[in-house]
>>> print(open('final16.cif').read())   # mmCIF, C-alpha atoms
data_data
loop_
_atom_site.label_atom_id
_atom_site.label_comp_id
_atom_site.auth_asym_id
_atom_site.auth_seq_id
_atom_site.Cartn_x
_atom_site.Cartn_y
_atom_site.Cartn_z
CA MET F 257 6.61 63.92 0.99
CA ASP F 258 4.47 65.98 3.37
CA ALA F 259 3.31 64.71 6.78
CA GLY F 260 -0.29 64.23 5.67
CA ARG F 261 0.74 62.17 2.66
CA THR F 262 3.16 60.13 4.78
CA ALA F 263 0.44 59.35 7.34
CA GLN F 264 -1.89 58.29 4.53
CA VAL F 265 0.75 55.93 3.08
CA VAL F 266 1.41 54.43 6.52
CA ALA F 267 -2.31 53.80 7.05
CA GLN F 268 -2.64 52.20 3.61
CA LYS F 269 0.36 49.95 4.27
CA ILE F 270 -1.05 48.81 7.62
CA ALA F 271 -4.39 47.92 6.02
CA LEU F 272 -2.74 45.97 3.19
CA ARG F 273 -0.38 44.18 5.61
CA ASP F 274 -3.27 43.18 7.86
CA ARG F 275 -5.24 41.77 4.95
CA ILE F 276 -2.35 39.72 3.57
CA VAL F 277 -1.19 38.42 6.96
CA THR F 278 -4.76 37.29 7.72
CA VAL F 279 -4.92 35.33 4.46
CA ARG F 280 -1.46 33.82 5.05
CA ARG F 281 -2.44 32.58 8.50
CA ARG F 282 -5.21 30.52 6.92
CA ARG F 283 -2.80 28.60 4.69
CA THR F 284 -2.28 24.96 5.59
CA LEU F 285 1.15 23.38 6.05
CA LEU F 286 0.40 21.33 2.95
CA ASP F 287 -0.22 24.50 0.92
CA VAL F 288 2.93 26.14 2.28
CA GLY F 289 5.03 23.08 1.47
CA ALA F 290 3.70 22.74 -2.07
CA ALA F 291 4.28 26.44 -2.71
CA ALA F 292 7.86 26.18 -1.41
CA GLU F 293 8.64 23.34 -3.81
CA ALA F 294 7.16 25.21 -6.78
CA ILE F 295 8.96 28.46 -5.93
CA ALA F 296 12.26 26.61 -5.56
CA ALA F 297 11.81 24.95 -8.96
CA HIS F 298 11.13 28.28 -10.69
CA LEU F 299 14.11 30.02 -9.09
CA LEU F 300 16.53 27.16 -9.68
CA ASP F 301 15.56 27.23 -13.36
CA ALA F 302 16.01 31.01 -13.65
CA GLU F 303 19.15 32.12 -15.51
CA PRO F 304 20.31 34.65 -12.86
CA VAL F 305 20.19 31.95 -10.17
CA ARG F 306 21.84 29.33 -12.38
CA ARG F 307 24.73 31.73 -13.06
CA ALA F 308 25.02 33.04 -9.49
CA ALA F 309 28.07 32.30 -7.37
CA THR F 310 26.57 33.99 -4.28
CA VAL F 311 22.88 34.17 -3.38
CA ALA F 312 21.56 36.33 -0.55
CA ALA F 313 18.45 34.59 0.77
CA TYR F 314 16.61 34.18 4.08
CA VAL F 315 15.01 31.49 6.22
CA SER F 316 11.22 31.56 5.99
CA VAL F 317 9.10 31.27 9.13
CA ALA F 318 5.49 30.26 9.82
CA THR F 319 3.32 30.56 6.69
CA GLU F 320 5.69 32.74 4.66
CA PRO F 321 6.44 31.29 1.21
CA GLY F 322 8.89 28.58 2.18
CA THR F 323 12.61 28.76 1.46
CA GLY F 324 13.69 25.37 2.86
CA PRO F 325 13.78 23.39 -0.42
CA LEU F 326 15.47 26.28 -2.19
CA LEU F 327 18.21 26.71 0.42
CA ASP F 328 18.91 22.98 0.44
CA ALA F 329 19.18 22.90 -3.36
CA LEU F 330 21.44 25.95 -3.51
CA LEU F 331 23.85 24.43 -1.00
CA ALA F 332 23.76 21.07 -2.79
CA ALA F 333 24.65 22.86 -6.04
CA GLY F 334 27.69 24.45 -4.41
CA ARG F 335 26.38 28.00 -4.30
CA ARG F 336 27.57 30.38 -1.60
CA VAL F 337 24.47 31.41 0.34
CA ILE F 338 24.40 34.30 2.78
CA LEU F 339 21.53 34.86 5.20
CA PRO F 340 20.48 37.98 7.13
CA VAL F 341 21.08 38.60 10.80
CA LEU F 342 18.76 41.22 12.33
CA LEU F 343 20.67 43.92 14.21
CA PRO F 344 19.34 45.88 17.22
CA ASP F 345 18.69 48.91 14.96
CA ASP F 346 16.67 46.69 12.56
CA ASP F 347 19.37 46.86 9.89
CA LEU F 348 20.74 43.59 8.48
CA ASP F 349 24.14 41.99 8.90
CA TRP F 350 24.90 38.77 6.97
CA ALA F 351 26.50 35.39 7.61
CA ALA F 352 27.27 32.39 5.41
CA HIS F 353 24.72 29.57 5.47
CA THR F 354 26.27 26.19 6.23
CA GLY F 355 23.02 24.28 6.68
CA THR F 356 22.45 25.22 10.32
CA VAL F 357 20.23 27.99 11.69
CA VAL F 358 19.38 29.04 15.23
CA SER F 359 16.44 30.83 16.84
CA ALA F 360 16.81 34.59 17.06
CA ARG F 361 14.84 37.69 18.00
CA ARG F 362 11.28 38.12 16.77
CA GLY F 363 10.90 34.44 15.97
CA LEU F 364 13.45 34.58 13.17
CA LEU F 365 15.94 31.88 12.23
CA GLU F 366 19.50 33.00 11.54
CA PRO F 367 22.91 31.49 10.73
CA PRO F 368 25.23 31.15 13.75
CA GLY F 369 28.49 31.80 11.91
CA PRO F 370 30.81 34.83 11.77
CA ARG F 371 29.23 38.08 10.67
CA LEU F 372 30.18 39.42 7.26
CA GLY F 373 29.03 43.03 7.70
CA ARG F 374 26.09 45.02 6.41
CA ASP F 375 27.68 45.53 2.99
CA ALA F 376 28.00 41.77 2.34
CA VAL F 377 24.66 41.85 0.51
CA ALA F 378 26.37 43.91 -2.20
CA THR F 379 28.54 40.87 -3.07
CA ALA F 380 25.52 38.73 -3.98
CA ASP F 381 24.70 38.01 -7.61
CA VAL F 382 21.08 37.34 -6.63
CA VAL F 383 19.13 38.79 -3.71
CA LEU F 384 15.98 36.99 -2.58
CA THR F 385 13.75 38.92 -0.19
CA PRO F 386 10.73 38.24 1.95
CA GLY F 387 7.71 40.47 1.49
CA LEU F 388 3.96 40.65 1.74
CA ALA F 389 3.17 42.09 -1.68
CA VAL F 390 4.77 43.54 -4.81
CA ASP F 391 2.97 45.71 -7.31
CA ARG F 392 3.22 45.81 -11.10
CA SER F 393 6.03 48.38 -10.95
CA GLY F 394 8.14 46.26 -8.59
CA MET F 395 7.38 48.23 -5.43
CA ARG F 396 7.60 45.85 -2.45
CA LEU F 397 5.62 45.85 0.78
CA GLY F 398 7.57 44.47 3.74
CA ARG F 399 6.72 43.95 7.39
CA GLY F 400 7.31 47.58 8.26
CA GLY F 401 10.72 47.57 9.95
CA GLY F 402 12.60 48.95 6.96
CA SER F 403 15.32 46.30 7.26
CA TYR F 404 15.26 45.26 3.61
CA ASP F 405 14.79 48.78 2.29
CA ARG F 406 18.12 49.64 3.92
CA ALA F 407 19.77 46.44 2.71
CA LEU F 408 18.52 46.91 -0.86
CA GLY F 409 20.03 50.39 -0.86
CA ARG F 410 23.43 48.65 -0.79
CA VAL F 411 22.71 46.31 -3.71
CA PRO F 412 24.29 47.34 -7.03
CA VAL F 413 21.94 48.42 -9.81
CA GLY F 414 21.28 45.55 -12.20
CA THR F 415 21.33 42.82 -9.55
CA PHE F 416 18.48 40.31 -9.78
CA VAL F 417 16.37 41.14 -6.70
CA CYS F 418 13.34 38.89 -6.30
CA THR F 419 10.63 38.71 -3.63
CA LEU F 420 8.99 35.38 -2.75
CA LEU F 421 5.19 35.57 -2.67
CA TYR F 422 1.97 33.65 -3.10
CA GLY F 423 0.07 34.18 -6.35
CA ASP F 424 -2.50 36.61 -4.99
CA GLU F 425 0.17 38.89 -3.51
CA ILE F 426 1.22 40.51 -6.79
CA VAL F 427 -1.12 43.48 -6.67
CA ASP F 428 -1.93 46.50 -8.80
CA ARG F 429 -0.47 49.02 -6.37
CA VAL F 430 1.59 49.02 -3.18
CA PRO F 431 1.52 52.30 -1.23
CA ALA F 432 5.08 53.67 -1.28
CA ASP F 433 7.13 56.19 0.67
CA VAL F 434 10.35 57.83 -0.47
CA HIS F 435 12.58 55.30 1.35
CA ASP F 436 10.88 52.23 -0.17
CA ARG F 437 12.99 50.21 -2.60
CA PRO F 438 11.63 48.35 -5.64
CA VAL F 439 12.61 44.84 -6.67
CA THR F 440 13.27 43.55 -10.17
CA ALA F 441 11.09 40.43 -9.94
CA ALA F 442 8.67 38.40 -7.84
CA VAL F 443 8.33 34.63 -7.76
CA THR F 444 5.16 32.76 -6.85
CA PRO F 445 4.18 29.10 -7.20
CA ASP F 446 2.97 30.06 -10.69
CA GLY F 447 6.30 31.43 -11.93
CA ILE F 448 8.53 34.50 -12.05
CA THR F 449 7.22 37.95 -12.91
CA ARG F 450 9.86 40.47 -13.98
CA PHE F 451 9.33 44.20 -13.70
CA PRO F 452 10.64 46.61 -16.32
CA PRO F 453 13.52 48.88 -15.24
CA GLY F 454 12.36 52.34 -14.29
CA ALA F 455 8.74 51.24 -13.88
CA THR F 456 8.44 52.98 -10.51
#
>>> encode(input="final16.cif", output="structure tokens")
Amino acid sequence: MDAGRTAQVVAQKIALRDRIVTVRRRRTLLDVGAAAEAIAAHLLDAEPVRRAATVAAYVSVATEPGTGPLLDALLAAGRRVILPVLLPDDDLDWAAHTGTVVSARRGLLEPPGPRLGRDAVATADVVLTPGLAVDRSGMRLGRGGGSYDRALGRVPVGTFVCTLLYGDEIVDRVPADVHDRPVTAAVTPDGITRFPPGAT
């Protein structure tokens, strides 16, 4: 991808991020809580999650689609849950979730336990990711640090990889660069949308 095209993609991503973050900031705690309950119900009913022994998830912050009810239910059901730990180079390490999280860099919440290594995400049967938008081909827009693009590069093909969103964040097109990684599904309070393999 040439420099001009790359700069154009970066500018398009910034504009889309700004728009979505602005809308998210207007969401009430009541809206966020209701969305979290609905998203949890959809995922817990999904066959890949029901069959999963290990789920890679994350702890939501602020007005992101909430993961609290989902994490509680996964632990209650006896699933092994691993959560990301942000490294200084913006890559992700992982640690087992035991029900406790601590404050970390950039306002994130992370598990305090022993680190499992960057490749631990490859052991998950289901990978749940944060994001700001996903398009109809499964291309995901993150916050811009590239953390999950690197992590998803370690996930075996065929793994159920799902981004948690609000309903208006499944869009027609997400600007994409060569390093961006698609997901196989997105879940919103309205349900799960699966993307066909090879749609990108």
>>> resolve_selection(input="final16.cif", expression="the PyMOL selection byres ((chain F and resi 297-305) around 9)", output="list in words")
Ala292, Glu293, Ala294, Ile295, Ala296, Arg306, Arg307, Ala308, Ala309, Thr310, Val311, Pro325, Leu326, Ala329, Leu330, Asp381, Val382, Thr415, Phe416, Val443, Thr444, Pro445, Asp446, Gly447 and Ile448 of chain F
>>> write_last_selection(input="final16.cif", atoms="C-alpha atoms", output="short mmCIF file (atom, residue, chain, number, x, y, z; two decimals), keeping the file's coordinate frame")
data_model
loop_
_atom_site.label_atom_id
_atom_site.label_comp_id
_atom_site.auth_asym_id
_atom_site.auth_seq_id
_atom_site.Cartn_x
_atom_site.Cartn_y
_atom_site.Cartn_z
CA ALA F 292 7.86 26.18 -1.41
CA GLU F 293 8.64 23.34 -3.81
CA ALA F 294 7.16 25.21 -6.78
CA ILE F 295 8.96 28.46 -5.93
CA ALA F 296 12.26 26.61 -5.56
CA ARG F 306 21.84 29.33 -12.38
CA ARG F 307 24.73 31.73 -13.06
CA ALA F 308 25.02 33.04 -9.49
CA ALA F 309 28.07 32.30 -7.37
CA THR F 310 26.57 33.99 -4.28
CA VAL F 311 22.88 34.17 -3.38
CA PRO F 325 13.78 23.39 -0.42
CA LEU F 326 15.47 26.28 -2.19
CA ALA F 329 19.18 22.90 -3.36
CA LEU F 330 21.44 25.95 -3.51
CA ASP F 381 24.70 38.01 -7.61
CA VAL F 382 21.08 37.34 -6.63
CA THR F 415 21.33 42.82 -9.55
CA PHE F 416 18.48 40.31 -9.78
CA VAL F 443 8.33 34.63 -7.76
CA THR F 444 5.16 32.76 -6.85
CA PRO F 445 4.18 29.10 -7.20
CA ASP F 446 2.97 30.06 -10.69
CA GLY F 447 6.30 31.43 -11.93
CA ILE F 448 8.53 34.50 -12.05
#
>>> residues_around(input="final16.cif", residues="stretch 383-398 of chain F", least_positions_apart="3", cutoff="8 Å", atoms="only C-alpha atoms", output="ChimeraX atom specification")
/F:269,273,276-277,311-314,316,320,377,380,401-402,404,415-421,425-432,436-442,451-452,455-456
>>> closest_residue(input="final16.cif", among="F:Arg410, F:Arg450, F:Arg282, F:His435", to="F:Ala376", atoms="all atoms listed in the file")
F:Arg410
>>> atom_distance(input="final16.cif", atom1="atom CA of F:Ala407", atom2="atom CA of F:Gln264")
24.8 Å
>>> closest_residue(input="final16.cif", among="F:Asp274, F:Glu366, F:Leu343, F:Gly324", to="F:Ala291", atoms="all atoms listed in the file")
F:Gly324
